[in-house]
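Trainee: So here's entry-v5.txt, just compact mmCIF, C-alpha atoms:
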```txt
# COMPACT_ATOMS: atom_id res chain seq x y z
CA MET A 8 20.46 -9.51 22.36
CA ILE A 9 22.72 -12.41 21.47
CA ARG A 10 26.09 -11.57 19.87
CA GLY A 11 28.50 -14.07 18.38
CA TYR A 12 25.50 -16.36 17.87
CA PHE A 13 26.14 -19.23 15.50
CA MET A 14 23.37 -21.18 13.80
CA ASP A 15 24.11 -24.28 11.76
CA PRO A 16 23.46 -23.93 7.99
CA GLU A 17 20.31 -26.08 7.89
CA ARG A 18 18.61 -24.24 10.75
CA ARG A 19 19.66 -20.96 9.15
CA ARG A 20 18.10 -21.99 5.84
CA CYS A 21 14.88 -23.00 7.62
CA CYS A 22 14.76 -19.71 9.53
CA ILE A 23 15.12 -17.68 6.31
CA GLN A 24 12.58 -19.82 4.46
CA ARG A 25 10.10 -19.53 7.34
CA ALA A 26 10.40 -15.72 7.26
CA LYS A 27 9.66 -15.84 3.51
CA GLU A 28 6.56 -17.95 4.15
CA LEU A 29 5.35 -15.85 7.08
CA GLY A 30 5.54 -12.69 4.93
CA PRO A 31 2.67 -13.55 2.54
CA ALA A 32 0.77 -15.35 5.33
CA TYR A 33 0.82 -12.17 7.39
CA GLU A 34 -0.11 -10.10 4.35
CA ARG A 35 -3.32 -12.16 4.28
CA SER A 36 -4.05 -11.92 8.02
CA LEU A 37 -2.47 -8.60 9.09
CA VAL A 38 -2.38 -6.80 5.71
CA GLY A 39 0.27 -4.12 5.17
CA CYS A 40 3.86 -4.36 4.04
CA GLY A 41 5.54 -2.29 6.78
CA HIS A 42 4.34 -4.26 9.80
CA CYS A 43 4.07 -7.63 8.00
CA SER A 44 7.69 -7.73 6.83
CA PHE A 45 8.83 -6.71 10.31
CA ALA A 46 6.62 -9.33 12.02
CA ALA A 47 7.76 -12.06 9.62
CA VAL A 48 11.44 -11.44 10.44
CA MET A 49 10.92 -11.12 14.18
CA ASP A 50 8.64 -14.17 14.49
CA SER A 51 10.93 -16.42 12.45
CA LEU A 52 13.89 -15.41 14.62
CA LYS A 53 11.91 -15.95 17.82
CA LEU A 54 11.15 -19.53 16.79
CA GLU A 55 14.94 -20.05 16.87
CA GLY A 56 15.14 -18.46 20.31
CA ILE A 57 16.41 -15.09 19.03
CA ARG A 58 14.69 -11.99 20.40
CA LEU A 59 16.08 -8.61 19.31
CA ILE A 60 13.86 -6.47 21.59
CA THR A 61 11.36 -7.02 24.40
CA GLU A 62 7.79 -8.04 23.61
CA GLU A 63 6.51 -4.62 24.67
CA ALA A 64 8.97 -2.77 22.40
CA GLU A 65 8.16 -5.12 19.52
CA GLU A 66 4.44 -4.45 19.90
CA LYS A 67 5.10 -0.69 19.79
CA ALA A 68 7.43 -1.04 16.79
CA PHE A 69 4.66 -2.95 15.00
CA SER A 70 2.28 0.00 15.55
CA GLY A 71 4.95 2.53 14.52
CA LEU A 72 5.83 0.69 11.32
CA MET A 73 2.21 0.24 10.26
CA GLY A 74 2.00 3.86 9.08
CA LEU A 75 5.07 3.33 6.85
CA THR A 76 3.16 0.83 4.71
CA GLY A 77 2.57 1.47 1.00
CA GLY A 78 5.24 4.14 0.62
CA PHE A 79 4.09 5.92 3.83
CA GLY A 80 0.39 5.96 4.68
CA ASN A 81 -0.32 4.28 1.32
CA MET A 82 0.87 7.44 -0.47
CA GLY A 83 3.10 5.35 -2.73
CA ILE A 84 5.83 7.97 -3.02
CA GLY A 85 7.94 6.95 -0.01
CA SER A 86 10.10 3.90 0.63
CA CYS A 87 8.38 0.57 0.10
CA GLY A 88 6.89 -0.57 3.43
CA ALA A 89 8.43 -4.03 3.07
CA LEU A 90 11.83 -2.36 2.82
CA SER A 91 11.18 -0.12 5.85
CA GLY A 92 9.91 -2.92 8.12
CA ALA A 93 12.70 -5.31 7.14
CA ALA A 94 15.41 -2.61 7.34
CA PHE A 95 14.16 -1.68 10.81
CA ALA A 96 14.68 -5.30 11.95
CA LEU A 97 18.16 -5.37 10.38
CA SER A 98 19.11 -2.12 12.03
CA LEU A 99 17.91 -3.47 15.39
CA ALA A 100 20.35 -6.35 14.94
CA THR A 101 23.21 -3.95 14.18
CA GLY A 102 22.29 -2.44 17.52
CA VAL A 103 23.70 1.10 17.51
CA THR A 104 22.30 2.42 20.78
CA LYS A 105 21.71 6.01 21.88
CA GLU A 106 24.86 5.83 23.99
CA GLU A 107 27.08 4.41 21.23
CA ASN A 108 25.72 6.89 18.67
CA ALA A 109 26.30 9.83 21.06
CA ARG A 110 29.80 8.65 22.01
CA ASP A 111 30.85 8.02 18.43
CA LYS A 112 28.74 9.51 15.63
CA THR A 113 30.52 7.38 13.04
CA SER A 114 28.99 4.23 14.60
CA ARG A 115 25.75 4.86 12.73
CA TRP A 116 27.55 4.00 9.47
CA LEU A 117 27.51 0.40 10.67
CA ALA A 118 23.70 0.43 10.52
CA TYR A 119 23.75 2.21 7.13
CA ARG A 120 26.17 -0.39 5.80
CA ASP A 121 24.09 -3.32 7.04
CA VAL A 122 20.81 -1.92 5.70
CA LYS A 123 22.39 -1.08 2.34
CA LYS A 124 24.24 -4.38 1.98
CA TYR A 125 21.59 -6.82 3.17
CA ILE A 126 18.45 -5.23 1.76
CA GLY A 127 18.84 -1.84 0.02
CA ASP A 128 21.22 -3.11 -2.66
CA LYS A 129 19.00 -6.17 -3.19
CA PHE A 130 15.97 -3.95 -3.79
CA VAL A 131 17.94 -1.90 -6.31
CA GLU A 132 19.20 -5.04 -8.03
CA ARG A 133 15.69 -6.55 -8.35
CA TRP A 134 13.49 -3.47 -8.81
CA GLY A 135 15.94 -0.68 -9.59
CA ALA A 136 14.45 1.48 -6.83
CA LEU A 137 13.36 1.76 -3.20
CA THR A 138 9.98 3.47 -3.45
CA CYS A 139 6.59 1.76 -3.45
CA ARG A 140 5.45 3.32 -6.71
CA GLU A 141 8.57 2.33 -8.65
CA ILE A 142 8.40 -1.23 -7.33
CA GLN A 143 4.76 -1.52 -8.40
CA ILE A 144 5.71 -0.37 -11.90
CA LYS A 145 8.45 -2.98 -12.09
CA ASN A 146 6.17 -5.73 -10.74
CA PHE A 147 2.96 -4.88 -12.57
CA GLY A 148 3.86 -2.40 -15.30
CA VAL A 149 1.55 0.06 -13.58
CA ALA A 150 1.48 1.89 -10.24
CA LEU A 151 -1.85 2.41 -8.49
CA ASN A 152 -2.78 5.13 -6.01
CA SER A 153 -4.03 3.25 -2.96
CA ARG A 154 -5.45 6.43 -1.44
CA ILE A 155 -8.20 6.18 -4.06
CA PRO A 156 -10.57 3.34 -3.03
CA GLU A 157 -11.09 2.01 -6.56
CA ARG A 158 -7.35 1.97 -7.28
CA ASN A 159 -6.67 0.25 -3.97
CA LYS A 160 -9.06 -2.58 -4.89
CA GLU A 161 -7.44 -2.74 -8.33
CA LEU A 162 -3.99 -3.07 -6.72
CA PHE A 163 -5.02 -6.12 -4.68
CA LYS A 164 -6.68 -7.65 -7.75
CA THR A 165 -3.59 -7.01 -9.92
CA ALA A 166 -1.28 -8.48 -7.28
CA THR A 167 -3.40 -11.64 -7.10
CA GLU A 168 -3.54 -11.98 -10.90
CA LYS A 169 0.24 -11.55 -11.16
CA GLY A 170 0.84 -14.38 -8.71
CA CYS A 171 2.04 -12.28 -5.77
CA GLY A 172 1.55 -13.86 -2.39
CA THR A 173 4.07 -16.64 -2.84
CA PRO A 174 7.38 -16.82 -0.93
CA ASP A 175 9.47 -16.40 -4.08
CA ARG A 176 7.57 -13.51 -5.67
CA CYS A 177 5.96 -11.49 -2.90
CA THR A 178 7.90 -8.29 -2.07
CA ILE A 179 7.17 -8.75 1.63
CA ALA A 180 8.45 -12.34 1.53
CA LEU A 181 11.64 -11.43 -0.30
CA ALA A 182 12.33 -8.49 2.02
CA ALA A 183 11.71 -10.63 5.10
CA GLY A 184 13.98 -13.39 3.77
CA TRP A 185 16.83 -11.01 2.92
CA ALA A 186 16.54 -9.27 6.27
CA THR A 187 16.50 -12.53 8.22
CA GLU A 188 19.61 -13.71 6.39
CA GLY A 189 21.26 -10.37 7.19
CA VAL A 190 20.25 -10.44 10.85
CA LEU A 191 21.75 -13.92 11.29
CA GLU A 192 25.03 -12.78 9.69
CA ILE A 193 25.11 -9.65 11.85
CA LEU A 194 24.54 -11.70 14.99
CA ASP A 195 27.43 -14.00 13.98
CA ARG A 196 29.84 -11.07 14.23
CA SER A 197 32.28 -10.86 17.10
CA PRO A 198 32.78 -7.45 18.78
CA GLU A 199 36.24 -7.31 17.17
CA GLU A 200 34.83 -7.86 13.70
CA ARG A 201 32.19 -5.19 14.33
CA GLU A 202 34.95 -2.71 15.20
CA ARG A 203 37.01 -3.74 12.19
CA ILE A 204 34.08 -3.09 9.84
CA LYS A 205 33.45 0.29 11.45
CA THR A 206 37.09 1.27 11.00
CA GLU A 207 37.03 0.20 7.37
CA LEU A 208 33.86 2.21 6.77
CA THR A 209 35.14 5.39 8.32
CA SER A 210 38.89 5.56 7.68
CA GLU A 211 38.67 6.70 4.05
CA ARG A 212 36.22 9.41 5.02
CA PHE A 213 38.35 11.09 7.68
CA ALA A 214 40.11 13.16 5.03
CA HIS A 215 36.87 15.12 4.67
CA LYS A 216 35.98 17.55 7.41
CA PHE A 217 32.19 17.39 7.06
CA TRP A 218 31.76 13.83 5.85
CA THR A 219 29.94 12.55 8.94
CA MET B 234 -4.53 21.00 25.15
CA ASP B 235 -4.90 24.77 24.84
CA GLY B 236 -3.23 26.74 22.07
CA LYS B 237 -0.46 28.09 24.26
CA LYS B 238 0.59 24.64 25.44
CA LYS B 239 0.49 23.33 21.88
CA GLU B 240 2.75 26.13 20.71
CA ARG B 241 5.11 25.44 23.61
CA CYS B 242 5.21 21.74 22.69
CA VAL B 243 5.97 22.49 19.01
CA ASN B 244 8.71 24.93 20.02
CA LYS B 245 10.15 22.27 22.27
CA ALA B 246 10.25 19.87 19.31
CA HIS B 247 12.23 22.47 17.31
CA GLU B 248 14.63 22.96 20.20
CA LEU B 249 15.08 19.23 20.80
CA GLY B 250 15.38 18.55 17.07
CA ALA B 251 18.41 20.83 16.90
CA GLU B 252 19.90 19.23 20.02
CA CYS B 253 19.28 15.68 18.85
CA VAL B 254 21.02 16.33 15.52
CA LYS B 255 24.11 17.50 17.34
CA THR B 256 23.99 14.44 19.59
CA TRP B 257 23.28 11.69 17.06
CA TRP B 258 23.43 13.26 13.60
CA GLY B 259 21.13 10.71 11.93
CA CYS B 260 17.76 12.10 10.80
CA ALA B 261 15.39 9.22 11.59
CA GLN B 262 16.44 8.60 15.19
CA SER B 263 16.87 12.34 15.92
CA THR B 264 13.39 13.20 14.65
CA LEU B 265 11.73 10.41 16.61
CA CYS B 266 13.49 11.37 19.85
CA ALA B 267 12.78 15.11 19.40
CA THR B 268 9.09 14.33 18.87
CA MET B 269 8.90 11.99 21.85
CA GLY B 270 10.83 14.38 24.07
CA ALA B 271 8.61 17.35 23.20
CA LEU B 272 5.44 15.36 23.93
CA ARG B 273 6.93 14.06 27.17
CA SER B 274 7.65 17.65 28.26
CA GLU B 275 3.86 18.16 28.30
CA GLY B 276 3.18 14.87 30.07
CA ILE B 277 2.31 12.84 26.95
CA GLU B 278 4.14 9.53 26.77
CA LEU B 279 3.54 7.39 23.67
CA VAL B 280 6.20 4.92 24.82
CA SER B 281 8.29 4.68 27.95
CA PRO B 282 11.92 5.91 27.80
CA GLU B 283 13.02 2.26 28.08
CA VAL B 284 10.98 1.26 25.03
CA GLU B 285 12.20 4.34 23.13
CA ASP B 286 15.78 3.23 23.86
CA GLN B 287 15.01 -0.16 22.27
CA ILE B 288 13.32 1.35 19.21
CA PHE B 289 16.17 3.82 18.59
CA PRO B 290 18.65 1.31 17.03
CA GLY B 291 15.97 0.21 14.56
CA LEU B 292 15.64 3.71 13.16
CA VAL B 293 19.37 4.44 12.87
CA GLY B 294 19.64 2.41 9.64
CA LEU B 295 16.61 4.14 8.07
CA SER B 296 18.34 7.54 8.01
CA GLY B 297 19.49 9.29 4.84
CA GLY B 298 16.86 7.76 2.56
CA CYS B 299 17.34 4.23 3.99
CA GLY B 300 20.92 3.12 4.69
CA ASN B 301 22.09 6.56 3.52
CA MET B 302 21.20 5.48 -0.03
CA ASN B 303 19.27 8.75 -0.53
CA THR B 304 16.67 7.25 -2.87
CA GLY B 305 14.31 6.06 -0.12
CA SER B 306 12.21 8.16 2.26
CA CYS B 307 14.00 10.96 4.09
CA GLY B 308 14.91 9.82 7.60
CA ALA B 309 13.15 12.82 9.14
CA ILE B 310 9.79 11.88 7.60
CA THR B 311 10.50 8.26 8.57
CA GLY B 312 11.09 9.03 12.27
CA ALA B 313 8.17 11.46 12.32
CA SER B 314 5.78 9.05 10.57
CA PHE B 315 6.80 6.29 12.94
CA ALA B 316 5.87 8.57 15.87
CA VAL B 317 2.55 9.59 14.30
CA SER B 318 1.72 5.95 13.56
CA LEU B 319 2.53 5.08 17.18
CA ALA B 320 0.06 7.75 18.27
CA ALA B 321 -2.58 6.20 15.99
CA ASN B 322 -2.07 3.19 18.25
CA VAL B 323 -3.27 0.29 16.11
CA SER B 324 -2.02 -2.90 17.74
CA ARG B 325 -1.39 -6.31 16.19
CA ALA B 326 -4.46 -7.61 18.03
CA ASP B 327 -6.60 -4.78 16.59
CA GLN B 328 -5.36 -5.55 13.10
CA LEU B 329 -6.03 -9.28 13.49
CA LYS B 330 -9.57 -8.51 14.64
CA ASP B 331 -10.33 -6.25 11.68
CA LYS B 332 -7.75 -5.63 8.97
CA ASP B 333 -9.25 -2.22 8.13
CA HIS B 334 -7.82 -0.82 11.37
CA ARG B 335 -4.62 -0.18 9.43
CA TRP B 336 -6.28 2.73 7.63
CA ILE B 337 -6.34 4.62 10.94
CA ALA B 338 -2.52 4.56 10.94
CA PHE B 339 -2.29 5.19 7.17
CA ASP B 340 -4.54 8.26 7.35
CA ALA B 341 -2.75 9.55 10.43
CA VAL B 342 0.48 9.65 8.39
CA ALA B 343 -0.80 10.52 4.90
CA GLU B 344 -3.29 13.26 5.78
CA THR B 345 -1.03 15.16 8.17
CA ILE B 346 2.71 14.91 8.05
CA GLY B 347 2.98 13.05 4.74
CA LYS B 348 0.91 15.64 2.89
CA ARG B 349 2.71 18.56 4.53
CA PHE B 350 6.16 17.14 3.86
CA ALA B 351 5.38 16.32 0.23
CA GLU B 352 3.93 19.79 -0.38
CA THR B 353 6.99 21.46 1.14
CA TYR B 354 9.70 19.36 -0.45
CA GLY B 355 8.03 17.99 -3.56
CA GLY B 356 8.28 14.40 -2.36
CA LEU B 357 9.24 12.17 0.54
CA ARG B 358 12.65 10.94 -0.59
CA CYS B 359 15.91 12.19 0.83
CA ARG B 360 16.86 13.43 -2.64
CA ASP B 361 13.55 15.32 -2.99
CA VAL B 362 14.44 17.24 0.16
CA THR B 363 17.98 18.17 -0.85
CA TRP B 364 16.77 19.09 -4.34
CA ALA B 365 14.16 21.44 -2.86
CA ARG B 366 16.50 22.93 -0.26
CA PHE B 367 19.83 23.11 -2.06
CA GLY B 368 19.00 22.43 -5.70
CA LYS B 369 21.28 19.41 -5.38
CA GLN B 370 21.21 15.69 -4.94
CA TYR B 371 24.08 13.87 -3.29
CA ASP B 372 25.50 10.38 -3.09
CA SER B 373 26.09 10.04 0.63
CA TRP B 374 28.28 6.97 0.11
CA ASN B 375 30.72 9.16 -1.80
CA PRO B 376 32.88 10.80 0.92
CA ALA B 377 33.53 13.97 -1.11
CA ALA B 378 29.82 14.39 -1.91
CA LYS B 379 28.88 13.77 1.72
CA ASP B 380 31.42 16.41 2.70
CA GLN B 381 29.80 18.84 0.26
CA PHE B 382 26.38 18.07 1.75
CA GLY B 383 27.71 18.92 5.22
CA GLN B 384 29.20 22.18 3.95
CA ASP B 385 25.95 23.14 2.19
CA GLU B 386 23.99 22.51 5.39
CA LEU B 387 26.34 24.63 7.45
CA ALA B 388 26.36 27.45 4.91
CA ARG B 389 22.57 27.77 5.24
CA GLY B 390 22.58 27.73 9.02
CA CYS B 391 21.42 24.16 9.53
CA VAL B 392 22.45 22.89 12.95
CA THR B 393 24.09 26.19 13.91
CA ASN B 394 21.00 28.39 13.55
CA PRO B 395 17.87 26.27 13.88
CA LYS B 396 15.74 29.20 15.04
CA ASP B 397 16.14 31.30 11.89
CA TYR B 398 16.77 28.44 9.50
CA PRO B 399 14.77 25.43 10.62
CA CYS B 400 16.44 22.45 9.04
CA THR B 401 14.44 19.39 8.10
CA ILE B 402 14.77 17.48 11.37
CA PRO B 403 13.47 20.09 13.87
CA ARG B 404 10.86 21.30 11.39
CA THR B 405 9.54 17.77 10.77
CA ALA B 406 9.56 16.98 14.50
CA GLY B 407 7.43 20.12 15.03
CA TRP B 408 4.98 18.97 12.35
CA ALA B 409 4.83 15.51 13.94
CA VAL B 410 4.01 17.02 17.32
CA GLU B 411 1.21 19.12 15.79
CA ALA B 412 -0.18 16.05 14.03
CA ILE B 413 -0.01 13.90 17.15
CA LEU B 414 -1.69 16.47 19.39
CA GLU B 415 -4.52 16.79 16.87
CA LEU B 416 -4.76 13.01 16.56
CA LEU B 417 -4.94 12.49 20.31
CA GLU B 418 -7.78 15.01 20.56
CA ASN B 419 -9.67 13.86 17.47
CA PRO B 420 -8.81 10.23 16.73
CA LYS B 421 -10.35 8.58 13.69
CA THR B 422 -12.63 5.63 14.34
CA LEU B 423 -12.76 2.32 12.49
CA ASP B 424 -16.23 3.14 11.14
CA GLN B 425 -14.95 6.48 9.88
CA VAL B 426 -12.06 5.00 7.87
CA LYS B 427 -14.33 2.26 6.53
CA ARG B 428 -16.73 4.90 5.22
CA GLU B 429 -14.04 7.22 3.87
CA HIS B 430 -12.17 4.48 2.02
CA LYS B 431 -15.32 2.65 0.89
CA LEU B 432 -14.33 -0.49 2.76
CA LEU B 433 -17.88 -1.39 3.88
```
Would you kindly transcribe this structure into structure tokens?
Mentor:
Amino acid sequence: MIRGYFMDPERRRCCIQRAKELGPAYERSLVGCGHCSFAAVMDSLKLEGIRLITEEAEEKAFSGLMGLTGGFGNMGIGSCGALSGAAFALSLATGVTKEENARDKTSRWLAYRDVKKYIGDKFVERWGALTCREIQIKNFGVALNSRIPERNKELFKTATEKGCGTPDRCTIALAAGWATEGVLEILDRSPEERERIKTELTSERFAHKFWT
Amino acid sequence: MDGKKKERCVNKAHELGAECVKTWWGCAQSTLCATMGALRSEGIELVSPEVEDQIFPGLVGLSGGCGNMNTGSCGAITGASFAVSLAANVSRADQLKDKDHRWIAFDAVAETIGKRFAETYGGLRCRDVTWARFGKQYDSWNPAAKDQFGQDELARGCVTNPKDYPCTIPRTAGWAVEAILELLENPKTLDQVKREHKLL
């Protein structure tokens, strides 16, 4: 993983835009918000020479994230898959390892902060929620149960009619774009800045015994 | 795997779940590692330890209802579903070949652990879980509320008494292990999901 990586503004803009375009393209070829948003972020970064994990680990993460699609197994009631796949990529960039987490439990707040700031808050701002069903209601005025075959077909039809599938409207595209922007900012951080943010996040909480 | 070994594997997930919480605290990464560790204790390796180490940082930020925002999926069901989906083993190449492969992973999650979790807690979100367990919902970004959450967990024996009061992480890891063992013995086929979801 590259730390203190700096990308000039034009390349950065292209990298974010490419992730937004790959999102709907992958939704057509690979179908499924969890793995497509993740793949869009990772592939756009790789084209700039940035690899967050090995190819083998990425392939496994793709399989693991697939089941988180559609609010978990297409149940609709869990987190939106686009959010989960993109947040996973962001959290990889934050890079809190097993060792760091074990040595200092507060370090995980860095990952919480990055996920909240770069994607969670943006979901709340745009859709007012994080779950698949609530996002569907905001986008379409109706939420459809994809576990029922007829409703699943209706969902794809509704999405097409509403103009989803474009980089500026598709949930997967937006999530991939926000996450890519966040990853690039996270990678810009120096180790000192990372520590400073962690201190800021945790200092006000130390007054509480069980806050961790 | 015979019934005795299965029971031993589930018990191991409970034991590791309690240990992982004390080591890392976060629900998503702790549940994934407890599940993987329990399976590994019976010789089942879904990913190598090196790959697990690389996946771990990705799950840290998904804890506490995604970025500790509480309104997304509980981290325990996230880590567990990730493990179950891994066991369903649909690769990018499979999915490119036939996009209906994804239903193998969806069903693996929805019909086992997703259904069980939702029935137990009334939903999948972090706040659904705390509402069912404590009759409360918290804002984990509010230090005083987070402190109260920690006190409520301790008062009920979470972390300190996982055997008599299985908290969400060990319990969900145990469910994930059960689901994965069943899945490895009776995997769904592409034809099966196509029929069941009327994709033909």
Trainee: Write out as number ranges by chain the residues lying within 6 Å of stretch 158-173 of chain A, counting only C-alpha atoms and excluding same-chain residues fewer than 6 positions away.
Mentor: A: 31, 151-152
Trainee: Counting all atoms listed in the file, which of A:Val149, A:Cys40, A:Thr206, A:Asp50 gets nearest to A:Gly80?
Mentor: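 Comparing A:Val149, A:Cys40, A:Thr206, A:Asp50 against A:Gly80, the winner is A:Cys40.
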Trainee: In Å, how far is it from atom CA of B:Ala412 to atom CA of B:Thr345?
Mentor: 6.0 Å
Trainee: Considering only C-alpha atoms, extract the chain B residues located within 6 Å of chain A and return them as a list in words.
Mentor: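 Taken together, these residues fit the definition: Thr256, Trp257, Val284, Pro290, Gly291, Gly294, Gly300, Asn301, Gly305, Ser306, Phe315, Ser318, Leu319, Val323, Ser324, Gln328, Leu329, Ala338, Phe339, Val342, Ala343, Leu357, Pro376, Lys379, Asp380, Gly383 and His430 of chain B.
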Trainee: Could you check how far atom CA of B:Thr353 sits from atom CA of B:Met269, in Å to one decimal?
Mentor: 22.9 Å
Trainee: With a distance cut-off of 10 Å and only C-alpha atoms, select the neighbouring residues of stretch 359-363 of chain B, excluding the residue or stretch itself and same-chain residues fewer than 4 positions from it, and output the selection as a ChimeraX atom specification.
Mentor: /A:85 /B:296-299,301-310,350-351,353-355,367-372,382,385-386,401
Trainee: Which of these residues is nearest to B:Val392, using all atoms listed in the file: B:Ala271, B:Cys253, B:Ile288, B:Val426?
Mentor: B:Cys253
Trainee: Mind checking which residues fall within 10 Å of B:Asn244, counting all atoms listed in the file, ignoring those fewer than 3 positions away in the same chain, and posting them as JSON, numbers by chain?
Mentor: {"B": [238, 239, 240, 241, 247, 248, 249, 250, 271, 396, 403, 404, 406, 407, 410]}
Trainee: Quick check, in Å to one decimal: how far apart do atom CA of A:Lys27 and atom CA of A:Gly184 lie?
Mentor: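 Rounded to one decimal, the two atoms are 5.0 Å apart.
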Trainee: Using only C-alpha atoms, pick whichever of A:Ser51, A:Gly88, A:Ser44, A:Asp15 has the shortest atom-to-atom distance to B:Thr311.
Mentor: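 Result for the nearest residue to B:Thr311: A:Gly88.
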Trainee: Residues at most 9 Å from A:Ile193, counting all atoms listed in the file, excluding those fewer than 2 positions away in the same chain, as a ChimeraX atom specification?
Mentor: /A:10-11,97,100-101,121,188-191,195-197,201
Trainee: Mind completing stretch 28-43 of chain A with N, CA and C atoms? Output as a PDB file, in the frame of the given file, please?
Mentor:
```pdb
ATOM      1  N   GLU A  28       7.937 -17.420   4.164  1.00  0.00           N
ATOM      2  CA  GLU A  28       6.560 -17.950   4.150  1.00  0.00           C
ATOM      3  C   GLU A  28       5.627 -17.144   5.048  1.00  0.00           C
ATOM      4  N   LEU A  29       6.185 -16.661   6.170  1.00  0.00           N
ATOM      5  CA  LEU A  29       5.350 -15.850   7.080  1.00  0.00           C
ATOM      6  C   LEU A  29       4.946 -14.531   6.422  1.00  0.00           C
ATOM      7  N   GLY A  30       5.829 -13.980   5.571  1.00  0.00           N
ATOM      8  CA  GLY A  30       5.540 -12.690   4.930  1.00  0.00           C
ATOM      9  C   GLY A  30       4.183 -12.678   4.228  1.00  0.00           C
ATOM     10  N   PRO A  31       3.982 -13.546   3.210  1.00  0.00           N
ATOM     11  CA  PRO A  31       2.670 -13.550   2.540  1.00  0.00           C
ATOM     12  C   PRO A  31       1.532 -14.021   3.436  1.00  0.00           C
ATOM     13  N   ALA A  32       1.829 -14.900   4.400  1.00  0.00           N
ATOM     14  CA  ALA A  32       0.770 -15.350   5.330  1.00  0.00           C
ATOM     15  C   ALA A  32       0.277 -14.160   6.148  1.00  0.00           C
ATOM     16  N   TYR A  33       1.208 -13.350   6.606  1.00  0.00           N
ATOM     17  CA  TYR A  33       0.820 -12.170   7.390  1.00  0.00           C
ATOM     18  C   TYR A  33       0.136 -11.121   6.501  1.00  0.00           C
ATOM     19  N   GLU A  34       0.550 -11.043   5.257  1.00  0.00           N
ATOM     20  CA  GLU A  34      -0.110 -10.100   4.350  1.00  0.00           C
ATOM     21  C   GLU A  34      -1.600 -10.466   4.211  1.00  0.00           C
ATOM     22  N   ARG A  35      -1.905 -11.746   4.339  1.00  0.00           N
ATOM     23  CA  ARG A  35      -3.320 -12.160   4.280  1.00  0.00           C
ATOM     24  C   ARG A  35      -4.044 -11.874   5.610  1.00  0.00           C
ATOM     25  N   SER A  36      -3.354 -12.076   6.736  1.00  0.00           N
ATOM     26  CA  SER A  36      -4.050 -11.920   8.020  1.00  0.00           C
ATOM     27  C   SER A  36      -3.895 -10.525   8.642  1.00  0.00           C
ATOM     28  N   LEU A  37      -2.739  -9.894   8.445  1.00  0.00           N
ATOM     29  CA  LEU A  37      -2.470  -8.600   9.090  1.00  0.00           C
ATOM     30  C   LEU A  37      -2.449  -7.440   8.093  1.00  0.00           C
ATOM     31  N   VAL A  38      -2.328  -7.730   6.842  1.00  0.00           N
ATOM     32  CA  VAL A  38      -2.380  -6.800   5.710  1.00  0.00           C
ATOM     33  C   VAL A  38      -1.589  -5.499   5.907  1.00  0.00           C
ATOM     34  N   GLY A  39      -0.535  -5.352   5.123  1.00  0.00           N
ATOM     35  CA  GLY A  39       0.270  -4.120   5.170  1.00  0.00           C
ATOM     36  C   GLY A  39       1.743  -4.457   5.209  1.00  0.00           C
ATOM     37  N   CYS A  40       2.478  -3.924   4.236  1.00  0.00           N
ATOM     38  CA  CYS A  40       3.860  -4.360   4.040  1.00  0.00           C
ATOM     39  C   CYS A  40       4.818  -3.955   5.159  1.00  0.00           C
ATOM     40  N   GLY A  41       4.606  -2.775   5.757  1.00  0.00           N
ATOM     41  CA  GLY A  41       5.540  -2.290   6.780  1.00  0.00           C
ATOM     42  C   GLY A  41       5.574  -3.200   7.994  1.00  0.00           C
ATOM     43  N   HIS A  42       4.402  -3.441   8.580  1.00  0.00           N
ATOM     44  CA  HIS A  42       4.340  -4.260   9.800  1.00  0.00           C
ATOM     45  C   HIS A  42       4.455  -5.750   9.501  1.00  0.00           C
ATOM     46  N   CYS A  43       4.007  -6.190   8.305  1.00  0.00           N
ATOM     47  CA  CYS A  43       4.070  -7.630   8.000  1.00  0.00           C
ATOM     48  C   CYS A  43       5.508  -8.100   7.771  1.00  0.00           C
TER      49      CYS A  43
END
```
